[in-house]
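Enquirer: Dumping the structure here so I can ask a few things about it.
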Amino acid sequence: MRIISGTSKGRVIHAPKNLPVRPTTDFAKESIFNILNNYFELDGLKIADLFCGTGNISYEFASLGCAEITAVDNNYSCCEFVKKTASAFKLDQIKAMKADVFGFLKKTAGTYHIIFADPPYELEQIKDIAPLVFEKNLLKTDGWLIIEHGPDTDLSALEHFKEKRTYGHVNFSIFYKTIQ
């Protein structure tokens with residue numbers, strides 16, 4: 001894994017082999033960030049990275065100048081790796097938090113410009129993420145929720161769904177919060 005753009009472009013992330021993760025491929029990450037760069041001025045944005053795993057997505061957002069990134073995972077080792085790597089890369093805007101993502105979504109008082117969720121592809125509650133984000137009003141106006149999932153998951157029937165992008169076996173379902 002590597003950071004593909006921004007101030008930390010080219011830095012390689014060496015995650016321990018024992019982490020229970022499936023990092024987003026560099027190809028898929030580069031593609032989704034190209035889309036984000038066309039819709040957002042990322043500098044200064046507030047981001048939530050759910051099921052953050054290695055922190056791959058958090059580092060990318062930080063490298064592009066996002067002001068505040070909350071990286072949430074329920075695995076202690078993942079959170080410690082994110083903290084250690086963010087510190088080593090001097091990406092101080094990343095705050096790693098060990099928590100159940102659904103509990104975090106129910107309790108957080110924050111609102112975000114972008115919420116990126118990369119749950120395990122087999123997660124049964126994957127279809128509960130978008131309704132919970134919108135029910136709790138966790139996106140700022142014109143904010144996006146991006147859910148990464150495998151090819152067998154279809155989230156297009158959910159409210160606020162706007163589009164799906166596919167890059168190999170990686171799929172991104174994008175939900176927008178717009179003014180009604």
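Chain labels A, B, ... are given in the sequence in which chains occur in the structure tokens; within each chain residues are numbered consecutively from 1, and ligands are likewise numbered from 1 in the order shown.
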Mind listing the strand (DSSP E or B) residues of stretch 10-99 of chain A, per DSSP on the backbone, as a PyMOL selection string?

Expert: chain A and resi 12+46-50+68-73+94-98

Enquirer: Convert the current residue selection to file output with N, CA and C atoms, as a compact mmCIF listing (two decimals), in the first residue's frame.

Expert:
```txt
# COMPACT_ATOMS: atom_id res chain seq x y z
N VAL A 12 5.08 4.59 1.61
CA VAL A 12 4.61 3.21 1.64
C VAL A 12 4.14 2.86 3.04
N LYS A 46 -13.85 17.73 7.13
CA LYS A 46 -13.96 16.83 8.28
C LYS A 46 -14.44 15.47 7.76
N ILE A 47 -13.70 14.41 8.09
CA ILE A 47 -13.90 13.08 7.52
C ILE A 47 -14.09 12.05 8.63
N ALA A 48 -14.94 11.05 8.36
CA ALA A 48 -15.01 9.85 9.21
C ALA A 48 -14.63 8.66 8.33
N ASP A 49 -13.69 7.86 8.80
CA ASP A 49 -13.25 6.65 8.10
C ASP A 49 -13.67 5.47 8.97
N LEU A 50 -14.75 4.82 8.57
CA LEU A 50 -15.33 3.73 9.36
C LEU A 50 -14.80 2.38 8.90
N GLU A 68 -9.61 17.17 9.74
CA GLU A 68 -9.93 16.31 10.87
C GLU A 68 -10.43 14.98 10.33
N ILE A 69 -9.75 13.90 10.69
CA ILE A 69 -10.14 12.56 10.25
C ILE A 69 -10.32 11.70 11.48
N THR A 70 -11.53 11.17 11.65
CA THR A 70 -11.82 10.24 12.73
C THR A 70 -11.81 8.84 12.14
N ALA A 71 -10.85 8.03 12.52
CA ALA A 71 -10.69 6.67 12.02
C ALA A 71 -11.21 5.70 13.08
N VAL A 72 -12.25 4.94 12.73
CA VAL A 72 -12.93 4.08 13.69
C VAL A 72 -12.80 2.61 13.28
N ASP A 73 -12.40 1.78 14.23
CA ASP A 73 -12.34 0.34 14.00
C ASP A 73 -12.53 -0.35 15.34
N ILE A 94 -5.31 12.92 12.10
CA ILE A 94 -5.98 11.61 12.20
C ILE A 94 -6.09 11.23 13.67
N LYS A 95 -7.30 10.94 14.09
CA LYS A 95 -7.57 10.45 15.44
C LYS A 95 -8.19 9.06 15.33
N ALA A 96 -7.46 8.04 15.76
CA ALA A 96 -7.95 6.67 15.70
C ALA A 96 -8.73 6.36 16.97
N MET A 97 -9.84 5.66 16.79
CA MET A 97 -10.73 5.37 17.91
C MET A 97 -11.17 3.90 17.84
N LYS A 98 -10.93 3.17 18.92
CA LYS A 98 -11.41 1.79 18.99
C LYS A 98 -12.87 1.83 19.43
```

Enquirer: List as a list in words the protein and nucleic acid residues near A:Lys136, meaning an atom at most 12 Å away when only C-alpha atoms are counted, but skip any in the same chain fewer than 6 places from it.

Expert: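 My list of contacting residues is Phe102, Gly103, Phe104, Leu105, Lys106, Lys107, Thr108, Ala109, Gly110, Thr111, Tyr112, Ile129 and Ala130 of chain A.
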
Enquirer: Could you find all residues in stretch 100-165 of chain A that DSSP calls helix (DSSP H, G or I) from the backbone, and write them as a list in words?

Expert: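 Here is the list: Val101, Phe102, Gly103, Phe104, Leu105, Lys106, Lys107, Glu124, Gln125, Ile126, Lys127, Asp128, Ile129, Ala130, Pro131, Leu132, Val133, Phe134 and Glu135 of chain A.
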
Enquirer: So that I have them on file, write out the residues from the current selection with N, CA and C atoms, as a short mmCIF file (atom, residue, chain, number, x, y, z; two decimals), in the first residue's frame.

Expert:
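Below you can see again-v6.cif, which holds the result:
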```cif
data_model
loop_
_atom_site.label_atom_id
_atom_site.label_comp_id
_atom_site.auth_asym_id
_atom_site.auth_seq_id
_atom_site.Cartn_x
_atom_site.Cartn_y
_atom_site.Cartn_z
N VAL A 101 -18.48 0.40 15.09
CA VAL A 101 -18.89 1.46 14.16
C VAL A 101 -20.36 1.83 14.36
N PHE A 102 -21.22 0.86 14.56
CA PHE A 102 -22.64 1.17 14.71
C PHE A 102 -22.90 1.93 16.01
N GLY A 103 -22.18 1.56 17.07
CA GLY A 103 -22.27 2.31 18.33
C GLY A 103 -21.76 3.73 18.15
N PHE A 104 -20.66 3.88 17.43
CA PHE A 104 -20.11 5.21 17.15
C PHE A 104 -21.13 6.06 16.39
N LEU A 105 -21.73 5.50 15.36
CA LEU A 105 -22.70 6.26 14.56
C LEU A 105 -23.91 6.68 15.39
N LYS A 106 -24.32 5.85 16.32
CA LYS A 106 -25.48 6.17 17.16
C LYS A 106 -25.17 7.25 18.18
N LYS A 107 -23.88 7.35 18.62
CA LYS A 107 -23.54 8.25 19.71
C LYS A 107 -22.82 9.53 19.30
N GLU A 124 -23.31 -8.60 7.60
CA GLU A 124 -24.76 -8.69 7.40
C GLU A 124 -25.44 -7.33 7.52
N GLN A 125 -24.93 -6.45 8.37
CA GLN A 125 -25.57 -5.15 8.60
C GLN A 125 -25.09 -4.06 7.64
N ILE A 126 -24.47 -4.43 6.53
CA ILE A 126 -23.95 -3.41 5.62
C ILE A 126 -25.05 -2.47 5.13
N LYS A 127 -26.26 -3.00 4.97
CA LYS A 127 -27.38 -2.17 4.50
C LYS A 127 -27.92 -1.25 5.59
N ASP A 128 -27.45 -1.40 6.81
CA ASP A 128 -27.89 -0.54 7.92
C ASP A 128 -27.05 0.74 8.04
N ILE A 129 -25.90 0.78 7.37
CA ILE A 129 -25.00 1.92 7.52
C ILE A 129 -25.62 3.21 7.00
N ALA A 130 -26.07 3.21 5.75
CA ALA A 130 -26.62 4.44 5.15
C ALA A 130 -27.85 4.94 5.91
N PRO A 131 -28.84 4.10 6.20
CA PRO A 131 -30.00 4.62 6.95
C PRO A 131 -29.61 5.24 8.29
N LEU A 132 -28.65 4.65 8.98
CA LEU A 132 -28.23 5.17 10.27
C LEU A 132 -27.53 6.52 10.12
N VAL A 133 -26.67 6.66 9.12
CA VAL A 133 -25.98 7.93 8.87
C VAL A 133 -26.99 9.04 8.60
N PHE A 134 -28.01 8.76 7.79
CA PHE A 134 -28.98 9.80 7.44
C PHE A 134 -29.99 10.03 8.57
N GLU A 135 -30.36 8.98 9.30
CA GLU A 135 -31.27 9.14 10.45
C GLU A 135 -30.62 10.02 11.52
#
```

Enquirer: Name all residues at most 9 Å from A:Ala15 (count only C-alpha atoms; drop same-chain ones fewer than 3 positions away) and give them as a PyMOL selection string.

Expert: chain A and resi 1+18-19+54+81

Enquirer: Those selected residues, please, written with C-alpha atoms and delivered as a PDB file, in the first residue's frame.

Expert:
```pdb
ATOM      1  CA  MET A   1       0.000   0.000   0.000  1.00  0.00           C
ATOM      2  CA  ASN A  18      -1.670 -10.326  11.316  1.00  0.00           C
ATOM      3  CA  LEU A  19      -4.183  -7.454  11.000  1.00  0.00           C
ATOM      4  CA  THR A  54      -4.846  -0.133   8.266  1.00  0.00           C
ATOM      5  CA  PHE A  81      -1.259   0.701  13.919  1.00  0.00           C
TER       6      PHE A  81
END
```

Enquirer: Hey, what's within 8 Å of A:Phe161 if we count only C-alpha atoms and toss same-chain stuff fewer than 5 positions away? As a PDB file with N, CA and C atoms, in the first residue's frame, please?

Expert:
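result-v8.pdb was written with the following content:
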```pdb
ATOM      1  N   LEU A 155     -26.802  -1.827  -2.990  1.00  0.00           N
ATOM      2  CA  LEU A 155     -27.335  -0.826  -2.067  1.00  0.00           C
ATOM      3  C   LEU A 155     -28.181   0.218  -2.790  1.00  0.00           C
ATOM      4  N   SER A 156     -28.457   0.000  -4.067  1.00  0.00           N
ATOM      5  CA  SER A 156     -29.116   1.016  -4.895  1.00  0.00           C
ATOM      6  C   SER A 156     -30.558   1.312  -4.488  1.00  0.00           C
ATOM      7  N   SER A 173     -20.572   2.398  -3.379  1.00  0.00           N
ATOM      8  CA  SER A 173     -21.904   2.993  -3.472  1.00  0.00           C
ATOM      9  C   SER A 173     -21.831   4.357  -2.813  1.00  0.00           C
ATOM     10  N   ILE A 174     -22.305   5.363  -3.545  1.00  0.00           N
ATOM     11  CA  ILE A 174     -22.183   6.746  -3.090  1.00  0.00           C
ATOM     12  C   ILE A 174     -23.569   7.299  -2.792  1.00  0.00           C
ATOM     13  N   PHE A 175     -23.686   7.910  -1.624  1.00  0.00           N
ATOM     14  CA  PHE A 175     -24.932   8.517  -1.162  1.00  0.00           C
ATOM     15  C   PHE A 175     -24.649  10.000  -0.932  1.00  0.00           C
ATOM     16  N   TYR A 176     -25.563  10.867  -1.333  1.00  0.00           N
ATOM     17  CA  TYR A 176     -25.365  12.307  -1.163  1.00  0.00           C
ATOM     18  C   TYR A 176     -26.411  12.847  -0.196  1.00  0.00           C
TER      19      TYR A 176
END
```

Enquirer: Mind checking which residues fall within 8 Å of A:Ile13, counting only C-alpha atoms, ignoring those fewer than 5 positions away in the same chain, and posting them as a PyMOL selection string?

Expert: chain A and resi 1-3+56+85

Enquirer: Emit the selected residues as a CSV table (one decimal), in the first residue's frame, including C-alpha atoms.

Expert:
```csv
chain,number,residue,atom,x,y,z
A,1,MET,CA,0.0,0.0,0.0
A,2,ARG,CA,1.1,3.5,-0.7
A,3,ILE,CA,-0.3,7.1,-0.4
A,56,ASN,CA,-5.1,3.5,4.2
A,85,THR,CA,1.6,5.3,11.4
```

Enquirer: Name the closest residue to A:Asp26 among the candidates A:Glu80, A:Thr178, A:Val170, A:Leu91; distances are taken between atoms, counting only C-alpha atoms.

Expert: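 Nearest to A:Asp26: A:Val170.
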
Enquirer: Tell me which protein, DNA and RNA residues are within 10 Å of A:Arg11, counting only C-alpha atoms, leaving out same-chain ones fewer than 3 positions away, and put them as an MDAnalysis selection string.

Expert: chainID A and resid 1:5 7:8 14 59 89

Enquirer: Could you name the residues that touch A:Ala67 at 6 Å or less, counting only C-alpha atoms, but leaving out those on the same chain fewer than 3 positions away, as a list in words?

Expert: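 Listed by chain and then number, they are Gly44, Leu45, Lys46 and Gln93 of chain A.
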
Enquirer: Name the closest residue to A:Phe40 among the candidates A:His113, A:Lys140, A:Lys162, A:Lys17; distances are taken between atoms, counting only C-alpha atoms.

Expert: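 So, comparing all the options, the nearest one is A:His113.
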
Enquirer: Just to confirm, what's the straight-line distance from atom CA of A:Gly65 to atom CA of A:Leu42 in Å (one decimal)?

Expert: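 Those two atoms sit 6.4 Å apart.
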
Enquirer: Just the number, please: distance in Å from atom CA of A:Ile146 to atom CA of A:Phe116, one decimal.

Expert: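 These two atoms are separated by 4.8 Å.
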
Enquirer: Rank nothing, just name the residue among A:Pro119, A:Gly168, A:Gly10, A:Pro16 nearest to A:Cys78, using only C-alpha atoms.

Expert: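 Of A:Pro119, A:Gly168, A:Gly10, A:Pro16, the one nearest A:Cys78 is A:Pro16, counting only C-alpha atoms.
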
Enquirer: Please determine, counting only C-alpha atoms, which residue among A:Gly55, A:Glu60, A:Arg22, A:Ala28 has the shortest atom-to-atom distance to A:Gly6.

Expert: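 Ranked by minimum distance to A:Gly6, first place goes to A:Glu60.
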